[in-house]
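Trainee: I am sharing model-v9.txt, which consists of compact mmCIF, C-alpha atoms:
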# COMPACT_ATOMS: atom_id res chain seq x y z
CA MET M 1 17.10 32.00 -75.71
CA ASN M 2 14.06 29.77 -75.96
CA ASN M 3 12.66 27.45 -78.56
CA TYR M 4 9.20 28.19 -79.88
CA GLU M 5 6.74 26.56 -82.20
CA LEU M 6 4.37 28.94 -83.95
CA THR M 7 1.31 27.75 -85.85
CA LEU M 8 -0.51 30.29 -87.99
CA ILE M 9 -3.85 29.99 -89.72
CA LEU M 10 -3.96 32.64 -92.42
CA ASN M 11 -6.91 34.01 -94.33
CA PRO M 12 -7.45 31.55 -97.21
CA ASP M 13 -8.17 34.42 -99.62
CA LEU M 14 -4.55 35.54 -99.20
CA SER M 15 -3.24 32.05 -99.83
CA SER M 16 -1.75 33.01 -103.20
CA LYS M 17 0.06 35.95 -101.62
CA PHE M 18 1.83 33.80 -99.06
CA ASP M 19 5.30 34.74 -100.33
CA GLU M 20 4.50 38.41 -99.72
CA PHE M 21 3.31 37.68 -96.21
CA GLN M 22 6.32 35.50 -95.54
CA SER M 23 8.88 38.15 -96.49
CA LYS M 24 7.06 40.70 -94.34
CA PHE M 25 6.75 38.30 -91.45
CA ASP M 26 10.41 37.29 -91.68
CA LYS M 27 11.31 40.95 -91.24
CA THR M 28 9.18 41.34 -88.12
CA LEU M 29 10.71 38.15 -86.74
CA SER M 30 14.28 39.30 -87.29
CA ASP M 31 13.42 42.72 -85.81
CA ILE M 32 12.53 41.12 -82.48
CA GLY M 33 15.55 38.81 -82.56
CA PHE M 34 13.87 35.62 -83.69
CA GLU M 35 15.54 33.11 -85.94
CA VAL M 36 13.53 30.77 -88.18
CA LYS M 37 14.88 27.24 -87.88
CA LYS M 38 12.22 25.63 -90.01
CA LEU M 39 9.14 26.72 -91.92
CA GLU M 40 6.43 24.34 -93.00
CA ASN M 41 4.06 25.87 -95.50
CA ILE M 42 1.20 23.41 -95.33
CA GLY M 43 -1.25 25.35 -97.46
CA ARG M 44 -5.03 25.44 -97.57
CA ARG M 45 -6.79 22.98 -95.37
CA GLN M 46 -10.39 22.36 -94.38
CA LEU M 47 -11.12 23.74 -90.88
CA ALA M 48 -12.96 21.49 -88.43
CA TYR M 49 -15.26 24.44 -87.69
CA SER M 50 -15.60 27.90 -89.19
CA ILE M 51 -13.43 30.72 -87.84
CA LEU M 52 -14.59 34.27 -88.68
CA ASN M 53 -16.83 32.77 -91.38
CA HIS M 54 -13.92 31.01 -93.07
CA ASN M 55 -14.28 27.30 -93.79
CA LYS M 56 -10.74 26.89 -95.04
CA GLY M 57 -7.45 28.15 -93.70
CA HIS M 58 -3.88 28.43 -94.90
CA TYR M 59 -1.68 26.68 -92.32
CA ALA M 60 1.97 27.47 -91.68
CA ILE M 61 4.16 26.12 -88.89
CA TYR M 62 7.33 27.92 -87.81
CA GLN M 63 10.09 26.49 -85.65
CA LEU M 64 11.70 29.50 -83.97
CA GLU M 65 14.47 30.40 -81.59
CA GLY M 66 14.51 33.71 -79.78
CA PRO M 67 14.33 35.71 -76.54
CA ALA M 68 11.34 35.57 -74.20
CA ALA M 69 10.74 39.33 -74.50
CA GLY M 70 10.33 38.94 -78.24
CA ALA M 71 7.65 36.31 -77.74
CA LEU M 72 5.39 38.83 -76.00
CA GLU M 73 5.93 41.33 -78.78
CA LEU M 74 5.19 38.70 -81.38
CA GLU M 75 1.91 37.81 -79.65
CA THR M 76 0.69 41.42 -79.77
CA LYS M 77 1.73 41.76 -83.40
CA LEU M 78 -0.13 38.63 -84.44
CA LYS M 79 -3.20 39.71 -82.48
CA TYR M 80 -3.59 42.83 -84.61
CA ASP M 81 -2.61 41.23 -87.92
CA THR M 82 -5.85 40.85 -89.88
CA SER M 83 -4.45 38.27 -92.29
CA VAL M 84 -3.87 35.86 -89.40
CA ILE M 85 -7.20 34.37 -88.35
CA ARG M 86 -5.70 32.24 -85.57
CA HIS M 87 -2.27 31.70 -84.08
CA LEU M 88 -0.65 29.59 -81.38
CA LEU M 89 2.83 30.21 -79.97
CA LEU M 90 4.14 27.34 -77.88
CA LYS M 91 7.37 27.16 -75.94
CA VAL M 92 8.98 23.79 -76.59
CA ASP M 93 11.99 21.96 -75.17
CA THR M 94 13.29 20.77 -78.52
CA LEU M 95 12.39 21.93 -81.99
CA SER M 96 10.96 19.28 -84.30
CA LEU M 97 12.95 19.70 -87.48
CA GLU M 98 11.43 16.70 -89.24
CA ASP M 99 8.37 17.04 -91.44
CA SER M 100 5.19 16.94 -89.38
CA MET M 101 2.27 14.64 -90.14
CA LEU M 102 0.26 17.63 -91.39
CA MET M 103 2.95 18.42 -93.94
CA ILE M 104 3.14 14.81 -95.10
CA GLU M 105 -0.66 14.69 -95.42
CA ALA M 106 -0.68 17.88 -97.46
CA GLN M 107 1.99 16.56 -99.81
CA GLU M 108 0.04 13.34 -100.33
CA ALA M 109 -3.17 15.27 -100.94
CA LYS M 110 -1.40 17.28 -103.64
CA LYS M 111 -0.44 14.11 -105.48
CA ALA M 112 -3.84 12.42 -105.13
CA PRO M 113 -6.09 14.93 -106.99
CA GLN M 114 -3.97 14.64 -110.14
CA GLU M 115 -4.64 10.90 -110.27
CA GLU M 116 -8.35 11.47 -109.82
CA ILE M 117 -8.49 13.91 -112.72
CA LYS M 118 -6.80 11.36 -114.96
CA VAL M 119 -9.38 8.72 -114.08
CA THR M 120 -12.58 10.72 -114.53
CA PRO M 121 -12.40 11.86 -118.21
CA PRO M 122 -12.31 8.35 -119.79
CA LYS M 123 -15.46 7.39 -117.87
CA ALA M 124 -17.33 10.38 -119.26
CA LYS M 125 -16.16 9.60 -122.81
CA VAL M 126 -17.33 6.01 -122.66
CA SER M 127 -20.80 6.97 -121.49
CA VAL M 128 -21.19 9.40 -124.40
CA GLU M 129 -19.87 7.09 -127.12
CA ALA M 130 -21.62 3.86 -126.29
CA LYS M 131 -24.40 4.17 -123.77
CA PRO M 132 -26.18 0.80 -124.24
CA GLU M 133 -22.92 -1.12 -124.02
CA VAL M 134 -21.85 0.54 -120.83
CA THR M 135 -24.95 0.03 -118.74
CA PRO M 136 -24.63 -3.75 -118.35
CA ALA M 137 -20.96 -3.35 -117.47
CA GLU M 138 -21.81 -0.76 -114.86
CA GLU M 139 -24.51 -3.00 -113.44
CA SER M 140 -22.05 -5.83 -113.06
CA LYS M 141 -19.63 -3.44 -111.33
CA THR M 142 -22.24 -2.37 -108.81
CA THR M 143 -23.15 -5.97 -108.01
CA GLU M 144 -19.50 -6.75 -107.47
CA SER M 145 -19.05 -3.86 -105.08
CA GLU M 146 -22.14 -4.87 -103.17
CA MET S 147 0.53 -3.57 -75.83
CA SER S 148 0.59 0.11 -74.97
CA GLN S 149 3.84 -0.24 -73.05
CA ASP S 150 6.03 -1.48 -75.88
CA THR S 151 4.59 0.88 -78.53
CA LYS S 152 4.70 4.44 -77.17
CA LYS S 153 2.31 6.56 -79.17
CA ASN S 154 3.35 9.98 -80.37
CA PHE S 155 0.47 12.11 -79.13
CA HIS S 156 1.09 15.43 -80.81
CA TYR S 157 -1.46 17.95 -82.03
CA LYS S 158 -0.14 17.71 -85.59
CA ASN S 159 -0.67 13.95 -85.58
CA THR S 160 -4.40 14.27 -86.23
CA ASP S 161 -4.94 10.80 -87.68
CA LEU S 162 -3.82 9.22 -84.43
CA LEU S 163 -5.85 11.63 -82.28
CA LYS S 164 -9.00 10.95 -84.29
CA ARG S 165 -8.92 7.36 -83.06
CA TYR S 166 -9.21 8.61 -79.47
CA ILE S 167 -12.25 10.86 -79.87
CA THR S 168 -15.86 9.80 -80.24
CA GLU S 169 -18.13 10.64 -83.17
CA THR S 170 -19.39 13.60 -81.18
CA GLY S 171 -15.84 14.86 -80.62
CA LYS S 172 -15.40 13.83 -76.98
CA ILE S 173 -12.10 12.42 -75.76
CA ILE S 174 -12.43 8.70 -75.02
CA PRO S 175 -11.69 7.96 -71.32
CA ALA S 176 -8.58 5.94 -70.47
CA ARG S 177 -10.66 3.20 -68.85
CA VAL S 178 -12.22 2.53 -72.25
CA SER S 179 -9.19 2.97 -74.52
CA ASN S 180 -6.81 1.23 -72.09
CA ILE S 181 -3.94 3.67 -72.46
CA SER S 182 -1.69 4.59 -69.56
CA ALA S 183 -2.32 7.61 -67.33
CA SER S 184 0.72 9.49 -68.63
CA GLU S 185 -0.32 8.82 -72.21
CA GLN S 186 -3.86 9.97 -71.47
CA ARG S 187 -2.51 13.28 -70.14
CA LYS S 188 -0.49 13.78 -73.32
CA LEU S 189 -3.53 12.83 -75.38
CA THR S 190 -5.88 15.34 -73.73
CA LYS S 191 -3.36 18.15 -74.13
CA ALA S 192 -2.80 17.32 -77.79
CA VAL S 193 -6.53 17.06 -78.53
CA LYS S 194 -7.27 20.39 -76.88
CA ILE S 195 -4.55 22.15 -78.87
CA ALA S 196 -5.74 20.49 -82.09
CA ARG S 197 -9.29 21.69 -81.36
CA PHE S 198 -8.10 25.27 -80.92
CA LEU S 199 -6.32 25.10 -84.28
CA ALA S 200 -9.46 23.71 -85.95
CA LEU S 201 -7.74 20.43 -86.76
CA LEU S 202 -10.32 18.55 -84.69
CA PRO S 203 -13.93 19.52 -83.92
CA TYR S 204 -15.14 20.47 -80.44
CA THR S 205 -18.55 18.91 -81.13
CA ASP S 206 -20.43 17.38 -84.06
CA SER S 207 -22.82 20.33 -84.15
CA HIS S 208 -20.59 23.10 -85.46
CA ARG S 209 -22.79 25.17 -87.71
What would the structure in this file look like if it were written as C-alpha cells?

Mentor:
Amino acid sequence: MNNYELTLILNPDLSSKFDEFQSKFDKTLSDIGFEVKKLENIGRRQLAYSILNHNKGHYAIYQLEGPAAGALELETKLKYDTSVIRHLLLKVDTLSLEDSMLMIEAQEAKKAPQEEIKVTPPKAKVSVEAKPEVTPAEESKTTESE
Amino acid sequence: MSQDTKKNFHYKNTDLLKRYITETGKIIPARVSNISASEQRKLTKAVKIARFLALLPYTDSHR
C-alpha cells in the first residue's frame, strides 16, 4: 500500500456538477482498491495560463491510499476522462491531512466578495441622491490617498 | 535567518513560492535569495509542480 496525492483540474463548466463527478469518481477509486483519506474541494480558480482554452479551473485535491497497480490504472482512466483537463498523481511519504494553503485561500476568497458587495451599493446611492455634495468629499479622499 | 525558520516549500503554498520567482516567472537563484542548497532544491521542485498545475506561470507572456 502506498500513499498518493492526486490533484485534479476539472472543466470549469462542470463545476456545478461536481457532486455527480465525485460520486462517479469515488466508485472508480474503490473499484481499483483506493481509499480516500481526505478530499479538498477547492472550487473554481483562475489558471496562471490557459489550458485547452479554459481560463478557469475547478481544483480538487485527494489524499489517497492504495496499491501501486491501481495507480497505473487510475492514470489511464484520468487520461481519457474529458472532464479532467489536467491531473497530477504524486506518491508521498505521509499524507497531509490538514487543510492546504489553497483551501484556506479559497475559503477566505468566499468570505471576501460578500463584504465587497455590501460596500458598493451605498456608494452608488449617494452619487445619485446628492451629486454636488459628494464631489468635494471624493476629492478630499483622493488627496488623502495620494 | 534561514536556518532557524525552515520554510515549507510545497506546491500548494503558492504565496510563499511567488516570493521566489521573478516578474517574468523565473526562479530566483539561491545566490540572490540566500536560501540553503537543500531549500533551493525543494523550492525548484515545488515551483515546477505548481507551474504544471497552472498555479504559477511559466513566463509572463502566456497568451

Trainee: Could you make a table, as JSON lines, of the residues of chain M that have an atom within 8 Å of an atom of chain S, each with its nearest atom pair and distance in Å to one decimal, counting all atoms listed in the file, in chain and number order?

Mentor:
{"residue": "M:Ile9", "atom": "CA", "partner": "S:Leu199", "partner_atom": "CA", "distance": 7.7}
{"residue": "M:Leu47", "atom": "CA", "partner": "S:Ala200", "partner_atom": "CA", "distance": 5.2}
{"residue": "M:Ala48", "atom": "CA", "partner": "S:Ala200", "partner_atom": "CA", "distance": 4.8}
{"residue": "M:Tyr49", "atom": "CA", "partner": "S:His208", "partner_atom": "CA", "distance": 5.9}
{"residue": "M:Ser50", "atom": "CA", "partner": "S:Arg209", "partner_atom": "CA", "distance": 7.8}
{"residue": "M:Arg86", "atom": "CA", "partner": "S:Leu199", "partner_atom": "CA", "distance": 7.3}
{"residue": "M:His87", "atom": "CA", "partner": "S:Leu199", "partner_atom": "CA", "distance": 7.7}
{"residue": "M:Leu88", "atom": "CA", "partner": "S:Leu199", "partner_atom": "CA", "distance": 7.8}
{"residue": "M:Ser100", "atom": "CA", "partner": "S:Lys158", "partner_atom": "CA", "distance": 6.6}
{"residue": "M:Met101", "atom": "CA", "partner": "S:Asn159", "partner_atom": "CA", "distance": 5.5}
{"residue": "M:Leu102", "atom": "CA", "partner": "S:Lys158", "partner_atom": "CA", "distance": 5.8}

Trainee: Measuring between only C-alpha atoms, which one of M:Leu29, M:Val84, M:Met103, M:Met1 shows the shortest distance to Glu65 of chain M?

Mentor: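 Counting only C-alpha atoms, the residue closest to Glu65 of chain M is M:Met1.
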
Trainee: What is the distance between atom CA of Lys24 of chain M and atom CA of Ser83 of chain M, in Å to one decimal?

Mentor: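 That distance, rounded to one decimal, is 11.9 Å.
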
Trainee: Could you jot down the atom CA of Ala192 of chain S to atom CA of Thr28 of chain M separation for me, Å, one decimal place?

Mentor: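 Atom-to-atom, atom CA of Ala192 of chain S to atom CA of Thr28 of chain M, that is 28.8 Å.
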
Trainee: Mind giving me the straight-line distance from atom CA of Leu8 of chain M to atom CA of Ala106 of chain M in Å, one decimal?

Mentor: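 Atom-to-atom, atom CA of Leu8 of chain M and atom CA of Ala106 of chain M are spaced 15.6 Å apart.
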
Trainee: Go through M:Lys110, M:Lys91, M:His58, M:Lys38 one by one, measure the shortest atom-to-atom distance of each to Phe21 of chain M using only C-alpha atoms, and give the residue with the smallest value.

Mentor: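 Closest to Phe21 of chain M, using only C-alpha atoms: M:His58.
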
Trainee: Kindly indicate which residue among M:Glu35, M:Glu98, M:Asp81, M:Glu105 lies nearest to Asn2 of chain M, using all atoms listed in the file for the distances.

Mentor: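 The shortest atom-to-atom distance to Asn2 of chain M comes from M:Glu35.
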
Trainee: Nearest residue to Gly43 of chain M out of M:Glu73, M:Ala112, M:Leu6, M:Pro12, using only C-alpha atoms?

Mentor: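 Between M:Glu73, M:Ala112, M:Leu6, M:Pro12, the residue approaching Gly43 of chain M most closely is M:Pro12.
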
Trainee: Taking into account all atoms listed in the file, which residue in the set M:Leu64, M:Leu78, M:Ile42, M:Ala109 is nearest to Asp93 of chain M?

Mentor: M:Leu64

Trainee: Near Thr168 of chain S, within 12 Å and counting all atoms listed in the file, which residues show up once chain neighbours fewer than 2 positions away are dropped, as a PyMOL selection string?

Mentor: chain S and resi 163-166+170-175+178-179+193+202-206

Trainee: Show which residues sit within 12 Å of Ala176 of chain S, as JSON, numbers by chain. Count only C-alpha atoms, and ignore same-chain residues fewer than 3 positions away.

Mentor: {"S": [148, 166, 167, 173, 179, 180, 181, 182, 183, 184, 185, 186, 187, 188, 189, 190]}

Trainee: Which is closest to Tyr62 of chain M among M:Leu89, M:Lys79, M:Asp31, M:Arg44, if we use all atoms listed in the file?

Mentor: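 Between M:Leu89, M:Lys79, M:Asp31, M:Arg44, the residue approaching Tyr62 of chain M most closely is M:Leu89.
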
Trainee: With N, CA and C atoms as the atom set, please write segment 59-90 of chain M from the structure just given, as a PDB file, in the first residue's frame.

Mentor:
ATOM      1  N   TYR M  59     -10.525  23.101  -9.000  1.00  0.00           N
ATOM      2  CA  TYR M  59      -9.464  22.301  -8.373  1.00  0.00           C
ATOM      3  C   TYR M  59     -10.044  21.374  -7.303  1.00  0.00           C
ATOM      4  N   ALA M  60      -9.478  20.173  -7.243  1.00  0.00           N
ATOM      5  CA  ALA M  60      -9.822  19.236  -6.173  1.00  0.00           C
ATOM      6  C   ALA M  60      -8.581  18.427  -5.836  1.00  0.00           C
ATOM      7  N   ILE M  61      -8.296  18.296  -4.541  1.00  0.00           N
ATOM      8  CA  ILE M  61      -7.107  17.560  -4.108  1.00  0.00           C
ATOM      9  C   ILE M  61      -7.540  16.363  -3.265  1.00  0.00           C
ATOM     10  N   TYR M  62      -7.111  15.177  -3.694  1.00  0.00           N
ATOM     11  CA  TYR M  62      -7.436  13.944  -2.977  1.00  0.00           C
ATOM     12  C   TYR M  62      -6.193  13.441  -2.255  1.00  0.00           C
ATOM     13  N   GLN M  63      -6.392  12.970  -1.019  1.00  0.00           N
ATOM     14  CA  GLN M  63      -5.341  12.235  -0.320  1.00  0.00           C
ATOM     15  C   GLN M  63      -5.781  10.781  -0.335  1.00  0.00           C
ATOM     16  N   LEU M  64      -4.972   9.914  -0.988  1.00  0.00           N
ATOM     17  CA  LEU M  64      -5.403   8.543  -1.237  1.00  0.00           C
ATOM     18  C   LEU M  64      -4.430   7.532  -0.641  1.00  0.00           C
ATOM     19  N   GLU M  65      -4.965   6.331  -0.432  1.00  0.00           N
ATOM     20  CA  GLU M  65      -4.121   5.208  -0.057  1.00  0.00           C
ATOM     21  C   GLU M  65      -4.543   4.019  -0.905  1.00  0.00           C
ATOM     22  N   GLY M  66      -3.566   3.362  -1.526  1.00  0.00           N
ATOM     23  CA  GLY M  66      -3.938   2.241  -2.379  1.00  0.00           C
ATOM     24  C   GLY M  66      -2.738   1.522  -2.948  1.00  0.00           C
ATOM     25  N   PRO M  67      -2.986   0.440  -3.716  1.00  0.00           N
ATOM     26  CA  PRO M  67      -1.900  -0.353  -4.287  1.00  0.00           C
ATOM     27  C   PRO M  67      -1.275   0.324  -5.507  1.00  0.00           C
ATOM     28  N   ALA M  68      -0.017  -0.022  -5.777  1.00  0.00           N
ATOM     29  CA  ALA M  68       0.720   0.599  -6.878  1.00  0.00           C
ATOM     30  C   ALA M  68       0.086   0.267  -8.233  1.00  0.00           C
ATOM     31  N   ALA M  69      -0.458  -0.974  -8.356  1.00  0.00           N
ATOM     32  CA  ALA M  69      -1.069  -1.369  -9.624  1.00  0.00           C
ATOM     33  C   ALA M  69      -2.268  -0.482  -9.948  1.00  0.00           C
ATOM     34  N   GLY M  70      -2.991  -0.109  -8.891  1.00  0.00           N
ATOM     35  CA  GLY M  70      -4.164   0.750  -9.082  1.00  0.00           C
ATOM     36  C   GLY M  70      -3.788   2.130  -9.577  1.00  0.00           C
ATOM     37  N   ALA M  71      -2.602   2.591  -9.186  1.00  0.00           N
ATOM     38  CA  ALA M  71      -2.155   3.927  -9.580  1.00  0.00           C
ATOM     39  C   ALA M  71      -2.017   4.021 -11.098  1.00  0.00           C
ATOM     40  N   LEU M  72      -1.481   2.957 -11.709  1.00  0.00           N
ATOM     41  CA  LEU M  72      -1.331   2.933 -13.167  1.00  0.00           C
ATOM     42  C   LEU M  72      -2.688   2.996 -13.835  1.00  0.00           C
ATOM     43  N   GLU M  73      -3.617   2.204 -13.293  1.00  0.00           N
ATOM     44  CA  GLU M  73      -4.960   2.156 -13.857  1.00  0.00           C
ATOM     45  C   GLU M  73      -5.644   3.514 -13.751  1.00  0.00           C
ATOM     46  N   LEU M  74      -5.427   4.148 -12.598  1.00  0.00           N
ATOM     47  CA  LEU M  74      -6.023   5.459 -12.358  1.00  0.00           C
ATOM     48  C   LEU M  74      -5.497   6.471 -13.364  1.00  0.00           C
ATOM     49  N   GLU M  75      -4.200   6.420 -13.644  1.00  0.00           N
ATOM     50  CA  GLU M  75      -3.582   7.335 -14.603  1.00  0.00           C
ATOM     51  C   GLU M  75      -4.253   7.219 -15.974  1.00  0.00           C
ATOM     52  N   THR M  76      -4.442   5.963 -16.446  1.00  0.00           N
ATOM     53  CA  THR M  76      -5.044   5.782 -17.769  1.00  0.00           C
ATOM     54  C   THR M  76      -6.486   6.264 -17.768  1.00  0.00           C
ATOM     55  N   LYS M  77      -7.181   6.042 -16.657  1.00  0.00           N
ATOM     56  CA  LYS M  77      -8.581   6.467 -16.588  1.00  0.00           C
ATOM     57  C   LYS M  77      -8.698   7.985 -16.649  1.00  0.00           C
ATOM     58  N   LEU M  78      -7.816   8.657 -15.928  1.00  0.00           N
ATOM     59  CA  LEU M  78      -7.857  10.122 -15.904  1.00  0.00           C
ATOM     60  C   LEU M  78      -7.475  10.707 -17.258  1.00  0.00           C
ATOM     61  N   LYS M  79      -6.580  10.017 -17.936  1.00  0.00           N
ATOM     62  CA  LYS M  79      -6.094  10.482 -19.242  1.00  0.00           C
ATOM     63  C   LYS M  79      -7.240  10.580 -20.238  1.00  0.00           C
ATOM     64  N   TYR M  80      -8.179   9.631 -20.159  1.00  0.00           N
ATOM     65  CA  TYR M  80      -9.269   9.600 -21.135  1.00  0.00           C
ATOM     66  C   TYR M  80     -10.556  10.203 -20.597  1.00  0.00           C
ATOM     67  N   ASP M  81     -10.501  10.789 -19.405  1.00  0.00           N
ATOM     68  CA  ASP M  81     -11.672  11.462 -18.845  1.00  0.00           C
ATOM     69  C   ASP M  81     -11.698  12.897 -19.356  1.00  0.00           C
ATOM     70  N   THR M  82     -12.714  13.235 -20.141  1.00  0.00           N
ATOM     71  CA  THR M  82     -12.730  14.563 -20.779  1.00  0.00           C
ATOM     72  C   THR M  82     -13.050  15.685 -19.798  1.00  0.00           C
ATOM     73  N   SER M  83     -13.658  15.356 -18.657  1.00  0.00           N
ATOM     74  CA  SER M  83     -13.991  16.420 -17.706  1.00  0.00           C
ATOM     75  C   SER M  83     -12.774  16.855 -16.894  1.00  0.00           C
ATOM     76  N   VAL M  84     -11.699  16.047 -16.940  1.00  0.00           N
ATOM     77  CA  VAL M  84     -10.468  16.398 -16.234  1.00  0.00           C
ATOM     78  C   VAL M  84      -9.515  17.039 -17.236  1.00  0.00           C
ATOM     79  N   ILE M  85      -9.242  18.335 -17.060  1.00  0.00           N
ATOM     80  CA  ILE M  85      -8.367  18.990 -18.034  1.00  0.00           C
ATOM     81  C   ILE M  85      -6.888  18.843 -17.665  1.00  0.00           C
ATOM     82  N   ARG M  86      -6.604  18.557 -16.408  1.00  0.00           N
ATOM     83  CA  ARG M  86      -5.219  18.255 -16.016  1.00  0.00           C
ATOM     84  C   ARG M  86      -5.224  17.503 -14.694  1.00  0.00           C
ATOM     85  N   HIS M  87      -4.282  16.580 -14.554  1.00  0.00           N
ATOM     86  CA  HIS M  87      -4.212  15.836 -13.293  1.00  0.00           C
ATOM     87  C   HIS M  87      -2.759  15.569 -12.935  1.00  0.00           C
ATOM     88  N   LEU M  88      -2.516  15.387 -11.649  1.00  0.00           N
ATOM     89  CA  LEU M  88      -1.168  15.051 -11.180  1.00  0.00           C
ATOM     90  C   LEU M  88      -1.290  14.081 -10.019  1.00  0.00           C
ATOM     91  N   LEU M  89      -0.719  12.893 -10.191  1.00  0.00           N
ATOM     92  CA  LEU M  89      -0.736  11.875  -9.132  1.00  0.00           C
ATOM     93  C   LEU M  89       0.665  11.744  -8.575  1.00  0.00           C
ATOM     94  N   LEU M  90       0.837  12.090  -7.313  1.00  0.00           N
ATOM     95  CA  LEU M  90       2.152  12.043  -6.680  1.00  0.00           C
ATOM     96  C   LEU M  90       2.155  10.988  -5.594  1.00  0.00           C
TER      97      LEU M  90
END
